[in-house]
Amino acid sequence: MKNPYEAWVIAAVLIVLFPYILLSTILEISIWIASKSWHGRLSATVKEIKRVRRSRGRGRGEEWFEIPIITYQVGDTTYTEEYSHAEKREGFYLAGQEIPILYNETNPKEFIIEGEYSDSDRFSCFIAGPVTCLVVLVIAADCFGSYYLSTHELLSEKETWQELDSAFIYHRDEFDFSLWDAHNMDALEERIEKTILHFRQIDKNIEQNWEKREYNDYRTRYVKAATRASRDLADFCSQCMSQFLLRCNLKEEDDAVWKSVYAGFLRQVCPGTSPPAGVYSMEEVLFIMETVAELQSSGWDRQNDPEESIGLYLAASCAGRHFTAVMLSYEASIKDMIVQEHSGFIPAYIEGVNEYLECRPRYGDNGSRDAYAPFDPESVYAVYDYTMERYFETGSFETALWDGAVFAQAHLRSRLQAHPDLGKLERLQDEHNFFADFDPQKGPDFYFHEDKEYRFDSLYYLYDCWEWCILNAQSRHLMFQNNEMEKKNWTAHRCFDLIEKNVQPCGGDFMSFMTGLHVKKDYDEKDYACLRDTS
């Protein structure tokens with residue numbers, strides 16, 4: 001019903017009629033049950049016939065019916081009753097007609113036409129009546145519901161629109177992006193996922209009410225909310241990227257990132273209003289923001305590590321992310337940005353660590369400033385450059401990580417031999433120096449897969465970070481490629497189960513398959529299809 005008040009009137013009429021229908025049904029059933037114990041029988045006479053007009057339905061005219069007025073005598077008393085229950089079409093009754101009746105000996109005024117409540121009439125007593133009552137209630141409830149949905153707030157409208165309008169509003173306040181880390185990134189992605197699902201649910205509900213007069217108002221409000229959420233998210237992402245690139249002395253990309261996020265998010269929630277795609281996809285922007293979070297998180301975890309460990313970590317992060325970007329066919333500019341970000345972050349990172357080391361003696365065990373000498377940038381760059389060179393030469397993350405570790409240990413030993421006094425540095429003590437016990441003779445399989453010590457500076461940790469980088473990127477890829485947000489978390493857990501249980505999809509070990517992808521190789525579409533389909 002397009003007019004909500006028409007629905008309200010119909011519902012009100014049905015509710016008023018319901019007691020009458022219910023009472024009639026109860027009376028009908030009670031008479032039928034009571035008549036089972038009546039034994040008085042006699043013939044009554046049709047004294048008079050009452051004619052009534054009944055409608056045959058919309059557009060079908062009217063029809064005449066007859067109600068008999070019956071007279072009968074019990075003892076010295078004569079009873080005359082109008083028996084509306086025996087209403088028949090015109091021509092059924094004749095004046096003076098004899099009709100057998102069954103009456104109540106205790107109260108002769110109660111009677112029924114004999115045979116009227118036979119077994120064949122149970123349908124009208126026990127089924128038709130109750131079902132009629134139920135149908136009336138259902139229709140009334142539906143009409144009231146239609147009235148409510150048409151005249152009241154859609155899904156608690158006030159709260160709904162507030163949530164949509166402020167989907168990313170909390171990011172509008174001043175935010176210290178130098179603290180942007182993995183926890184912030186996880187929270188942002190979860191927020192994006194839930195917001196997209198929320199928008200889609202509201203969009204579905206609006207479309208289900210397309211006949212209602214408020215449809216255009218709802219649709220306009222929805223588009224405004226989607227546009228605002230896209231704009232707020234684009235503001236936040238572009239600011240985050242801009243501040244980090246500025247910190248690394250790299251070219252800012254505010255405009256490119258803003259347009260990419262704005263178009264990418266709108267394409268998920270309101271495709272009809274989405275502008276042309278930006279330079280990057282939404283998936284690519286989030287991947288780069290995850291890279292930023294990973295790099296900035298390292299500042300807190302590795303301040304006590306030796307220079308060679310730092311160089312190897314930064315190289316492993318760069319190579320792993322570059323490998324993932326190649327695997328998922330990201331834009332060439334994204335791959336270049338990954339390398340530039342890591343290279344540009346090294347000076348900023350070293351500067352931050354030196355500030356930490358300068359303050360560290362106040363809290364050290366012996367308070368000696370000599371134990372916390374500033375970093376040697378050349379040692380960080382030496383390991384970083386060598387590892388990245390091996391990665392680009394071989395196209396293999398595993399090879400680059402292993403060769404880089406062997407080189408890092410040799411480089412550290414060479415430094416200690418040339419300058420024995422470095423041995424007193426706190427960061428070169430065994431508890432901080434993974435390479436103190438590193439044995440290249442054990443080979444990469446031991447350190448990548450079987451090393452029991454899960455240290456943040458171990459090869460096992462760096463290799464594991466690479467695996468999870470691929471899994472996270474793969475689940476994000478599925479999320480945006482298939483437009484099925486619910487697959488995100490499932491995919492990550494599914495991939496993790498494959499590794500843990502040593503299941504072999506795609507005809508071989510999952511990680512070995514991905515490791516075998518060469519960055520200089522032209523990949524077949526079947527390889528990517530295999531990677532995408534983890535189900």
# chains A, B, ... in the order shown; residues from 1 in each chain; ligands from 1

call {"tool": "residues_around", "arguments": {"residues": "segment 437-451 of chain A", "least_positions_apart": "6", "cutoff": "7 Å", "atoms": "only C-alpha atoms", "output": "number ranges by chain"}}
result
A: 402, 406, 459-460, 463

call {"tool": "closest_atom_pairs", "arguments": {"of": "segment 266-338 of chain A", "to": "segment 374-395 of chain A", "cutoff": "6 Å", "atoms": "only C-alpha atoms", "output": "tab-separated table"}}
result
residue	atom	partner	partner_atom	distance
A:Glu307	CA	A:Val380	CA	5.0
A:Glu308	CA	A:Val380	CA	5.5
A:Gly311	CA	A:Val380	CA	4.4
A:Leu312	CA	A:Tyr384	CA	5.7
A:Ala315	CA	A:Tyr384	CA	5.1

call {"tool": "residues_around", "arguments": {"residues": "segment 244-259 of chain A", "least_positions_apart": "6", "cutoff": "10 Å", "atoms": "only C-alpha atoms", "output": "PyMOL selection string"}}
result
chain A and resi 177-178+180+230-238+275-282+284-285+289+292-293+296+337+340-349

call {"tool": "atom_distance", "arguments": {"atom1": "atom CA of Phe323 of chain A", "atom2": "atom CA of Ile470 of chain A"}}
result
8.7 Å

call {"tool": "atom_distance", "arguments": {"atom1": "atom CA of Ile202 of chain A", "atom2": "atom CA of Leu164 of chain A"}}
result
9.5 Å

call {"tool": "residues_around", "arguments": {"residues": "Ala325 of chain A", "least_positions_apart": "4", "cutoff": "9 Å", "atoms": "only C-alpha atoms", "output": "number ranges by chain"}}
result
A: 284, 287, 320-321, 329-332, 334-335, 338, 473

call {"tool": "write_last_selection", "arguments": {"atoms": "N, CA and C atoms", "output": "short mmCIF file (atom, residue, chain, number, x, y, z; two decimals), in the first residue's frame"}}
result
data_model
loop_
_atom_site.label_atom_id
_atom_site.label_comp_id
_atom_site.auth_asym_id
_atom_site.auth_seq_id
_atom_site.Cartn_x
_atom_site.Cartn_y
_atom_site.Cartn_z
N GLU A 284 45.71 -1.32 -3.11
CA GLU A 284 47.11 -0.91 -3.17
C GLU A 284 47.43 0.15 -2.11
N PHE A 287 47.71 -1.49 1.18
CA PHE A 287 48.96 -2.27 1.23
C PHE A 287 50.14 -1.35 1.58
N GLY A 320 60.24 -8.55 0.80
CA GLY A 320 59.00 -9.29 0.98
C GLY A 320 57.80 -8.54 0.42
N ARG A 321 57.75 -7.25 0.64
CA ARG A 321 56.62 -6.46 0.15
C ARG A 321 56.70 -6.26 -1.36
N SER A 329 50.33 -8.29 -9.01
CA SER A 329 50.28 -7.41 -10.20
C SER A 329 49.89 -5.98 -9.85
N TYR A 330 50.47 -5.45 -8.79
CA TYR A 330 50.22 -4.06 -8.44
C TYR A 330 50.91 -3.14 -9.45
N GLU A 331 50.47 -1.88 -9.45
CA GLU A 331 51.05 -0.89 -10.35
C GLU A 331 52.57 -0.77 -10.13
N ALA A 332 53.29 -0.47 -11.22
CA ALA A 332 54.74 -0.33 -11.11
C ALA A 332 55.12 0.76 -10.13
N ILE A 334 53.65 1.44 -7.39
CA ILE A 334 53.57 0.90 -6.03
C ILE A 334 54.85 0.16 -5.69
N LYS A 335 55.36 -0.62 -6.62
CA LYS A 335 56.61 -1.36 -6.37
C LYS A 335 57.76 -0.39 -6.17
N ILE A 338 57.56 1.20 -2.71
CA ILE A 338 58.02 0.31 -1.64
C ILE A 338 59.53 0.44 -1.45
N ALA A 473 47.92 -9.75 2.31
CA ALA A 473 47.68 -9.10 1.02
C ALA A 473 46.72 -9.93 0.17
#

call {"tool": "closest_residue", "arguments": {"among": "A:Leu286, A:Glu398, A:Leu94, A:Ile350", "to": "Asp186 of chain A", "atoms": "only C-alpha atoms"}}
result
A:Leu286

call {"tool": "closest_residue", "arguments": {"among": "A:Ser309, A:Thr399, A:Gln162, A:Thr195", "to": "His432 of chain A", "atoms": "only C-alpha atoms"}}
result
A:Ser309

call {"tool": "atom_distance", "arguments": {"atom1": "atom CA of Ile33 of chain A", "atom2": "atom CA of Glu82 of chain A"}}
result
21.4 Å

call {"tool": "closest_residue", "arguments": {"among": "A:Asn184, A:Thr71, A:Thr77, A:Gln268", "to": "Gln481 of chain A", "atoms": "only C-alpha atoms"}}
result
A:Gln268

call {"tool": "residues_around", "arguments": {"residues": "Ala187 of chain A", "least_positions_apart": "5", "cutoff": "12 Å", "atoms": "only C-alpha atoms", "output": "list in words"}}
result
Phe168, His171, Trp180, Asp181, Ala182, Ile192, Glu193, Lys194, Glu290 and Ala293 of chain A

call {"tool": "closest_residue", "arguments": {"among": "A:Tyr103, A:Tyr93, A:Phe407, A:Phe397", "to": "Asp464 of chain A", "atoms": "only C-alpha atoms"}}
result
A:Phe397

call {"tool": "residues_around", "arguments": {"residues": "Glu62 of chain A", "least_positions_apart": "6", "cutoff": "12 Å", "atoms": "only C-alpha atoms", "output": "PyMOL selection string"}}
result
chain A and resi 52-56+89
